[in-house]
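Novice: I am sharing query02.pdb, which consists of PDB, N, CA and C atoms:
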ATOM      1  N   TYR X  25       0.820  -1.200   0.000
ATOM      2  CA  TYR X  25       0.000   0.000   0.000
ATOM      3  C   TYR X  25       0.860   1.259   0.000
ATOM      4  N   ILE X  26       1.869   1.298   0.850
ATOM      5  CA  ILE X  26       2.714   2.492   0.925
ATOM      6  C   ILE X  26       3.508   2.678  -0.351
ATOM      7  N   ILE X  27       3.954   1.575  -0.943
ATOM      8  CA  ILE X  27       4.698   1.691  -2.194
ATOM      9  C   ILE X  27       3.810   2.309  -3.266
ATOM     10  N   LEU X  28       2.541   1.967  -3.275
ATOM     11  CA  LEU X  28       1.622   2.566  -4.254
ATOM     12  C   LEU X  28       1.504   4.072  -4.052
ATOM     13  N   ILE X  29       1.482   4.506  -2.808
ATOM     14  CA  ILE X  29       1.421   5.941  -2.523
ATOM     15  C   ILE X  29       2.666   6.631  -3.066
ATOM     16  N   ILE X  30       3.806   6.028  -2.842
ATOM     17  CA  ILE X  30       5.055   6.626  -3.322
ATOM     18  C   ILE X  30       5.071   6.668  -4.844
ATOM     19  N   ILE X  31       4.639   5.597  -5.483
ATOM     20  CA  ILE X  31       4.616   5.576  -6.946
ATOM     21  C   ILE X  31       3.664   6.639  -7.473
ATOM     22  N   ARG X  32       2.535   6.824  -6.824
ATOM     23  CA  ARG X  32       1.598   7.877  -7.238
ATOM     24  C   ARG X  32       2.229   9.258  -7.096
ATOM     25  N   CYS X  33       2.955   9.466  -6.013
ATOM     26  CA  CYS X  33       3.638  10.750  -5.826
ATOM     27  C   CYS X  33       4.680  10.977  -6.905
ATOM     28  N   ILE X  34       5.414   9.931  -7.233
ATOM     29  CA  ILE X  34       6.454  10.062  -8.247
ATOM     30  C   ILE X  34       5.847  10.366  -9.607
ATOM     31  N   THR X  35       4.777   9.701  -9.951
ATOM     32  CA  THR X  35       4.174   9.948 -11.256
ATOM     33  C   THR X  35       3.492  11.312 -11.314
ATOM     34  N   ALA X  36       3.211  11.888 -10.164
ATOM     35  CA  ALA X  36       2.574  13.210 -10.152
ATOM     36  C   ALA X  36       3.440  14.263 -10.821
ATOM     37  N   ILE X  37       4.749  14.095 -10.763
ATOM     38  CA  ILE X  37       5.621  15.100 -11.377
ATOM     39  C   ILE X  37       5.442  15.117 -12.890
ATOM     40  N   PHE X  38       5.038  14.012 -13.462
ATOM     41  CA  PHE X  38       4.860  13.943 -14.905
ATOM     42  C   PHE X  38       3.417  14.203 -15.323
ATOM     43  N   THR X  39       2.520  14.398 -14.375
ATOM     44  CA  THR X  39       1.122  14.643 -14.707
ATOM     45  C   THR X  39       0.709  16.015 -14.208
ATOM     46  N   SER X  40      -0.195  16.057 -13.251
ATOM     47  CA  SER X  40      -0.786  17.333 -12.840
ATOM     48  C   SER X  40       0.208  18.298 -12.211
ATOM     49  N   PHE X  41       1.269  17.810 -11.570
ATOM     50  CA  PHE X  41       2.248  18.691 -10.951
ATOM     51  C   PHE X  41       3.564  18.669 -11.714
ATOM     52  N   GLY X  42       3.471  18.434 -13.010
ATOM     53  CA  GLY X  42       4.670  18.304 -13.826
ATOM     54  C   GLY X  42       5.466  19.587 -13.933
ATOM     55  N   VAL X  43       6.708  19.417 -14.293
ATOM     56  CA  VAL X  43       7.606  20.553 -14.460
ATOM     57  C   VAL X  43       7.086  21.500 -15.529
ATOM     58  N   ARG X  44       6.611  20.959 -16.623
ATOM     59  CA  ARG X  44       6.101  21.817 -17.705
ATOM     60  C   ARG X  44       4.910  22.651 -17.255
ATOM     61  N   ARG X  45       4.020  22.020 -16.514
ATOM     62  CA  ARG X  45       2.832  22.743 -16.052
ATOM     63  C   ARG X  45       3.217  23.824 -15.050
ATOM     64  N   ALA X  46       4.123  23.494 -14.150
ATOM     65  CA  ALA X  46       4.578  24.480 -13.173
ATOM     66  C   ALA X  46       5.222  25.660 -13.883
ATOM     67  N   TYR X  47       6.005  25.376 -14.914
ATOM     68  CA  TYR X  47       6.661  26.440 -15.676
ATOM     69  C   TYR X  47       5.626  27.267 -16.443
ATOM     70  N   ALA X  48       4.719  26.591 -17.115
ATOM     71  CA  ALA X  48       3.709  27.285 -17.925
ATOM     72  C   ALA X  48       2.819  28.180 -17.078
ATOM     73  N   ASN X  49       2.551  27.755 -15.868
ATOM     74  CA  ASN X  49       1.672  28.522 -14.986
ATOM     75  C   ASN X  49       2.438  29.431 -14.031
ATOM     76  N   SER X  50       3.749  29.487 -14.214
ATOM     77  CA  SER X  50       4.596  30.251 -13.280
ATOM     78  C   SER X  50       4.249  29.900 -11.833
ATOM     79  N   ALA X  51       4.216  28.582 -11.582
ATOM     80  CA  ALA X  51       3.782  28.088 -10.266
ATOM     81  C   ALA X  51       4.804  27.127  -9.680
ATOM     82  N   PRO X  52       5.935  27.660  -9.191
ATOM     83  CA  PRO X  52       6.913  26.757  -8.578
ATOM     84  C   PRO X  52       6.374  26.081  -7.325
ATOM     85  N   ASN X  53       5.311  26.616  -6.763
ATOM     86  CA  ASN X  53       4.719  25.987  -5.586
ATOM     87  C   ASN X  53       4.221  24.577  -5.891
ATOM     88  N   ALA X  54       3.884  24.301  -7.151
ATOM     89  CA  ALA X  54       3.472  22.944  -7.518
ATOM     90  C   ALA X  54       4.629  21.976  -7.325
ATOM     91  N   LEU X  55       5.834  22.416  -7.651
ATOM     92  CA  LEU X  55       7.011  21.575  -7.442
ATOM     93  C   LEU X  55       7.297  21.410  -5.948
ATOM     94  N   CYS X  56       7.089  22.481  -5.201
ATOM     95  CA  CYS X  56       7.276  22.403  -3.740
ATOM     96  C   CYS X  56       6.298  21.419  -3.127
ATOM     97  N   ASP X  57       5.049  21.472  -3.563
ATOM     98  CA  ASP X  57       4.040  20.537  -3.063
ATOM     99  C   ASP X  57       4.425  19.100  -3.391
ATOM    100  N   PHE X  58       4.881  18.888  -4.629
ATOM    101  CA  PHE X  58       5.293  17.546  -5.031
ATOM    102  C   PHE X  58       6.436  17.050  -4.154
ATOM    103  N   ALA X  59       7.470  17.882  -3.976
ATOM    104  CA  ALA X  59       8.632  17.481  -3.184
ATOM    105  C   ALA X  59       8.213  17.164  -1.746
ATOM    106  N   TYR X  60       7.368  17.994  -1.191
ATOM    107  CA  TYR X  60       6.902  17.777   0.181
ATOM    108  C   TYR X  60       6.126  16.465   0.292
ATOM    109  N   ASN X  61       5.190  16.236  -0.625
ATOM    110  CA  ASN X  61       4.380  15.020  -0.585
ATOM    111  C   ASN X  61       5.228  13.769  -0.804
ATOM    112  N   LEU X  62       6.195  13.853  -1.708
ATOM    113  CA  LEU X  62       7.066  12.714  -1.944
ATOM    114  C   LEU X  62       7.913  12.421  -0.707
ATOM    115  N   ALA X  63       8.490  13.447  -0.113
ATOM    116  CA  ALA X  63       9.310  13.255   1.084
ATOM    117  C   ALA X  63       8.474  12.697   2.236
ATOM    118  N   GLN X  64       7.268  13.190   2.379
ATOM    119  CA  GLN X  64       6.383  12.704   3.435
ATOM    120  C   GLN X  64       5.993  11.241   3.193
ATOM    121  N   GLY X  65       5.659  10.918   1.949
ATOM    122  CA  GLY X  65       5.318   9.534   1.609
ATOM    123  C   GLY X  65       6.486   8.595   1.829
ATOM    124  N   PHE X  66       7.682   9.041   1.439
ATOM    125  CA  PHE X  66       8.857   8.195   1.646
ATOM    126  C   PHE X  66       9.152   8.023   3.136
ATOM    127  N   SER X  67       8.948   9.056   3.913
ATOM    128  CA  SER X  67       9.175   8.962   5.352
ATOM    129  C   SER X  67       8.279   7.896   5.977
ATOM    130  N   HIS X  68       7.018   7.878   5.578
ATOM    131  CA  HIS X  68       6.097   6.851   6.084
ATOM    132  C   HIS X  68       6.575   5.464   5.657
ATOM    133  N   PHE X  69       6.957   5.345   4.402
ATOM    134  CA  PHE X  69       7.466   4.080   3.873
ATOM    135  C   PHE X  69       8.693   3.626   4.656
ATOM    136  N   TYR X  70       9.622   4.542   4.894
ATOM    137  CA  TYR X  70      10.877   4.219   5.575
ATOM    138  C   TYR X  70      10.642   3.747   7.009
ATOM    139  N   HIS X  71       9.674   4.345   7.671
ATOM    140  CA  HIS X  71       9.398   3.965   9.060
ATOM    141  C   HIS X  71       8.687   2.624   9.171
ATOM    142  N   GLN X  72       7.971   2.249   8.123
ATOM    143  CA  GLN X  72       7.248   0.980   8.173
ATOM    144  C   GLN X  72       8.043  -0.184   7.592
ATOM    145  N   CYS X  73       8.968   0.102   6.709
ATOM    146  CA  CYS X  73       9.739  -0.949   6.043
ATOM    147  C   CYS X  73      11.199  -0.814   6.443
ATOM    148  N   HIS X  74      11.672  -1.740   7.216
ATOM    149  CA  HIS X  74      13.059  -1.706   7.681
ATOM    150  C   HIS X  74      13.945  -2.263   6.566
ATOM    151  N   ILE X  75      14.369  -1.366   5.713
ATOM    152  CA  ILE X  75      14.991  -1.730   4.441
ATOM    153  C   ILE X  75      16.244  -2.588   4.627
ATOM    154  N   LEU X  76      17.214  -2.085   5.331
ATOM    155  CA  LEU X  76      18.499  -2.782   5.411
ATOM    156  C   LEU X  76      18.464  -4.041   6.260
ATOM    157  N   SER X  77      17.530  -4.121   7.186
ATOM    158  CA  SER X  77      17.448  -5.315   8.027
ATOM    159  C   SER X  77      16.417  -6.322   7.509
ATOM    160  N   GLU X  78      15.814  -6.051   6.370
ATOM    161  CA  GLU X  78      14.829  -6.969   5.791
ATOM    162  C   GLU X  78      15.522  -8.259   5.357
ATOM    163  N   PRO X  79      15.075  -9.419   5.891
ATOM    164  CA  PRO X  79      15.737 -10.687   5.560
ATOM    165  C   PRO X  79      15.465 -11.175   4.128
ATOM    166  N   ASP X  80      14.330 -10.788   3.569
ATOM    167  CA  ASP X  80      13.993 -11.238   2.215
ATOM    168  C   ASP X  80      14.706 -10.354   1.198
ATOM    169  N   PHE X  81      15.605 -10.944   0.465
ATOM    170  CA  PHE X  81      16.428 -10.231  -0.507
ATOM    171  C   PHE X  81      15.574  -9.481  -1.531
ATOM    172  N   ARG X  82      14.490 -10.100  -1.997
ATOM    173  CA  ARG X  82      13.641  -9.469  -3.025
ATOM    174  C   ARG X  82      13.015  -8.175  -2.516
ATOM    175  N   TYR X  83      12.495  -8.218  -1.294
ATOM    176  CA  TYR X  83      11.920  -7.001  -0.714
ATOM    177  C   TYR X  83      12.983  -5.929  -0.532
ATOM    178  N   ARG X  84      14.106  -6.339   0.040
ATOM    179  CA  ARG X  84      15.179  -5.380   0.307
ATOM    180  C   ARG X  84      15.638  -4.700  -0.982
ATOM    181  N   GLU X  85      15.831  -5.475  -2.033
ATOM    182  CA  GLU X  85      16.282  -4.910  -3.306
ATOM    183  C   GLU X  85      15.234  -3.978  -3.912
ATOM    184  N   SER X  86      13.981  -4.364  -3.871
ATOM    185  CA  SER X  86      12.935  -3.508  -4.441
ATOM    186  C   SER X  86      12.774  -2.231  -3.620
ATOM    187  N   TRP X  87      12.890  -2.343  -2.304
ATOM    188  CA  TRP X  87      12.773  -1.161  -1.453
ATOM    189  C   TRP X  87      13.943  -0.207  -1.656
ATOM    190  N   LEU X  88      15.129  -0.767  -1.899
ATOM    191  CA  LEU X  88      16.281   0.091  -2.198
ATOM    192  C   LEU X  88      16.084   0.821  -3.525
ATOM    193  N   LYS X  89      15.476   0.150  -4.484
ATOM    194  CA  LYS X  89      15.203   0.795  -5.775
ATOM    195  C   LYS X  89      14.182   1.920  -5.612
ATOM    196  N   VAL X  90      13.163   1.689  -4.798
ATOM    197  CA  VAL X  90      12.185   2.743  -4.520
ATOM    198  C   VAL X  90      12.877   3.928  -3.845
ATOM    199  N   SER X  91      13.785   3.636  -2.917
ATOM    200  CA  SER X  91      14.522   4.694  -2.216
ATOM    201  C   SER X  91      15.356   5.514  -3.189
ATOM    202  N   LYS X  92      16.065   4.846  -4.088
ATOM    203  CA  LYS X  92      16.889   5.545  -5.075
ATOM    204  C   LYS X  92      16.033   6.383  -6.016
ATOM    205  N   LEU X  93      14.898   5.847  -6.395
ATOM    206  CA  LEU X  93      13.991   6.589  -7.271
ATOM    207  C   LEU X  93      13.472   7.848  -6.590
ATOM    208  N   CYS X  94      13.091   7.724  -5.338
ATOM    209  CA  CYS X  94      12.621   8.890  -4.582
ATOM    210  C   CYS X  94      13.718   9.934  -4.456
ATOM    211  N   LEU X  95      14.926   9.489  -4.162
ATOM    212  CA  LEU X  95      16.047  10.421  -4.047
ATOM    213  C   LEU X  95      16.276  11.148  -5.364
ATOM    214  N   ARG X  96      16.270  10.406  -6.456
ATOM    215  CA  ARG X  96      16.495  11.021  -7.777
ATOM    216  C   ARG X  96      15.418  12.054  -8.101
ATOM    217  N   GLU X  97      14.171  11.722  -7.810
ATOM    218  CA  GLU X  97      13.080  12.661  -8.084
ATOM    219  C   GLU X  97      13.192  13.904  -7.204
ATOM    220  N   LEU X  98      13.508  13.714  -5.931
ATOM    221  CA  LEU X  98      13.665  14.874  -5.045
ATOM    222  C   LEU X  98      14.829  15.752  -5.485
ATOM    223  N   GLU X  99      15.941  15.133  -5.859
ATOM    224  CA  GLU X  99      17.082  15.913  -6.338
ATOM    225  C   GLU X  99      16.726  16.707  -7.591
ATOM    226  N   THR X 100      15.967  16.103  -8.483
ATOM    227  CA  THR X 100      15.564  16.783  -9.721
ATOM    228  C   THR X 100      14.684  17.985  -9.427
ATOM    229  N   VAL X 101      13.677  17.780  -8.596
ATOM    230  CA  VAL X 101      12.758  18.875  -8.274
ATOM    231  C   VAL X 101      13.489  19.994  -7.533
ATOM    232  N   LEU X 102      14.326  19.624  -6.585
ATOM    233  CA  LEU X 102      15.061  20.646  -5.840
ATOM    234  C   LEU X 102      16.032  21.402  -6.748
ATOM    235  N   PHE X 103      16.598  20.723  -7.725
ATOM    236  CA  PHE X 103      17.455  21.390  -8.708
ATOM    237  C   PHE X 103      16.660  22.455  -9.461
ATOM    238  N   PHE X 104      15.459  22.090  -9.918
ATOM    239  CA  PHE X 104      14.613  23.046 -10.639
ATOM    240  C   PHE X 104      14.236  24.235  -9.763
ATOM    241  N   LEU X 105      14.139  23.999  -8.478
ATOM    242  CA  LEU X 105      13.791  25.077  -7.547
ATOM    243  C   LEU X 105      15.014  25.883  -7.104
ATOM    244  N   GLY X 106      16.205  25.437  -7.508
ATOM    245  CA  GLY X 106      17.425  26.151  -7.139
ATOM    246  C   GLY X 106      17.868  25.867  -5.712
ATOM    247  N   ILE X 107      17.460  24.719  -5.189
ATOM    248  CA  ILE X 107      17.809  24.336  -3.831
ATOM    249  C   ILE X 107      18.901  23.283  -3.887
ATOM    250  N   GLU X 108      19.996  23.534  -3.179
ATOM    251  CA  GLU X 108      21.110  22.603  -3.143
ATOM    252  C   GLU X 108      20.786  21.444  -2.200
ATOM    253  N   VAL X 109      21.070  20.230  -2.634
ATOM    254  CA  VAL X 109      20.797  19.048  -1.832
ATOM    255  C   VAL X 109      22.028  18.744  -0.975
ATOM    256  N   PRO X 110      21.857  18.634   0.347
ATOM    257  CA  PRO X 110      22.999  18.301   1.199
ATOM    258  C   PRO X 110      23.444  16.853   0.978
ATOM    259  N   ASP X 111      24.715  16.580   1.225
ATOM    260  CA  ASP X 111      25.215  15.213   1.078
ATOM    261  C   ASP X 111      24.634  14.286   2.127
ATOM    262  N   GLN X 112      24.421  14.804   3.319
ATOM    263  CA  GLN X 112      23.851  14.011   4.407
ATOM    264  C   GLN X 112      22.848  14.865   5.184
ATOM    265  N   MET X 113      21.942  14.167   5.820
ATOM    266  CA  MET X 113      20.970  14.847   6.680
ATOM    267  C   MET X 113      21.265  14.476   8.107
TER     268      MET X 113
END
Now that the file is in, can you turn its structure into structure tokens?

Specialist:
Amino acid sequence: YIILIIIRCITAIFTSFGVRRAYANSAPNALCDFAYNLAQGFSHFYHQCHILSEPDFRYRESWLKVSKLCLRELETVLFFLGIEVPDQM
């Protein structure tokens, strides 16, 4: 269920909250909303799925891929917003 939420958030950047739409409407807040929702969704996912300690290799690998995808999307959106991404939090 949580993975579906994250996937929906990720696809939102290419649909209603897409970069093109935000640019066309001069609405960078759409990108901010997307980044916030994605980060919030990933936070819920991270707290419920213990990625590195997961004994099932298939789950662990798929969850790591979801994590990398979320990171890439957040970095992209923050780049468009002119926000530098820290190396560590």

Novice: So what do you get for atom N of X:Ser77 versus atom C of X:Gly65, distance-wise?

Specialist: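 According to the coordinates, atom N of X:Ser77 and atom C of X:Gly65 are separated by 17.7 Å.
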
Novice: How many Å lie between atom C of X:Leu76 and atom N of X:Leu88, rounded to one decimal?

Specialist: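 Taking atom C of X:Leu76 as the start and atom N of X:Leu88 as the end point, the length is 9.4 Å.
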
Novice: Which distance in Å separates atom CA of X:Ser91 and atom CA of X:Cys73, to one decimal?

Specialist: 11.1 Å

Novice: Taking 6 positions as the minimum chain separation for residues in the same chain, which residues sit within 8 Å of X:Glu99 when counting all atoms listed in the file? Answer as a PDB file with N, CA and C atoms, in the frame of the given file.

Specialist:
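That gives us part23.pdb:
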ATOM      1  N   LEU X  93      14.898   5.847  -6.395  1.00  0.00           N
ATOM      2  CA  LEU X  93      13.991   6.589  -7.271  1.00  0.00           C
ATOM      3  C   LEU X  93      13.472   7.848  -6.590  1.00  0.00           C
ATOM      4  N   LEU X 105      14.139  23.999  -8.478  1.00  0.00           N
ATOM      5  CA  LEU X 105      13.791  25.077  -7.547  1.00  0.00           C
ATOM      6  C   LEU X 105      15.014  25.883  -7.104  1.00  0.00           C
ATOM      7  N   ILE X 107      17.460  24.719  -5.189  1.00  0.00           N
ATOM      8  CA  ILE X 107      17.809  24.336  -3.831  1.00  0.00           C
ATOM      9  C   ILE X 107      18.901  23.283  -3.887  1.00  0.00           C
ATOM     10  N   GLU X 108      19.996  23.534  -3.179  1.00  0.00           N
ATOM     11  CA  GLU X 108      21.110  22.603  -3.143  1.00  0.00           C
ATOM     12  C   GLU X 108      20.786  21.444  -2.200  1.00  0.00           C
ATOM     13  N   VAL X 109      21.070  20.230  -2.634  1.00  0.00           N
ATOM     14  CA  VAL X 109      20.797  19.048  -1.832  1.00  0.00           C
ATOM     15  C   VAL X 109      22.028  18.744  -0.975  1.00  0.00           C
TER      16      VAL X 109
END

Novice: Could you give me, as a list in words, the residues that sit within 6 Å of (10.5, 20.1, -8.5) in the file's coordinates, counting only C-alpha atoms?

Specialist: Leu55, Val101, Leu102 and Phe104 of chain X

Novice: Quick one: pick out all alpha helix (DSSP H) residues within stretch 69-107 of chain X from a backbone DSSP run and write them as an NGL selection string.

Specialist: :X and (69-72 or 81-105)
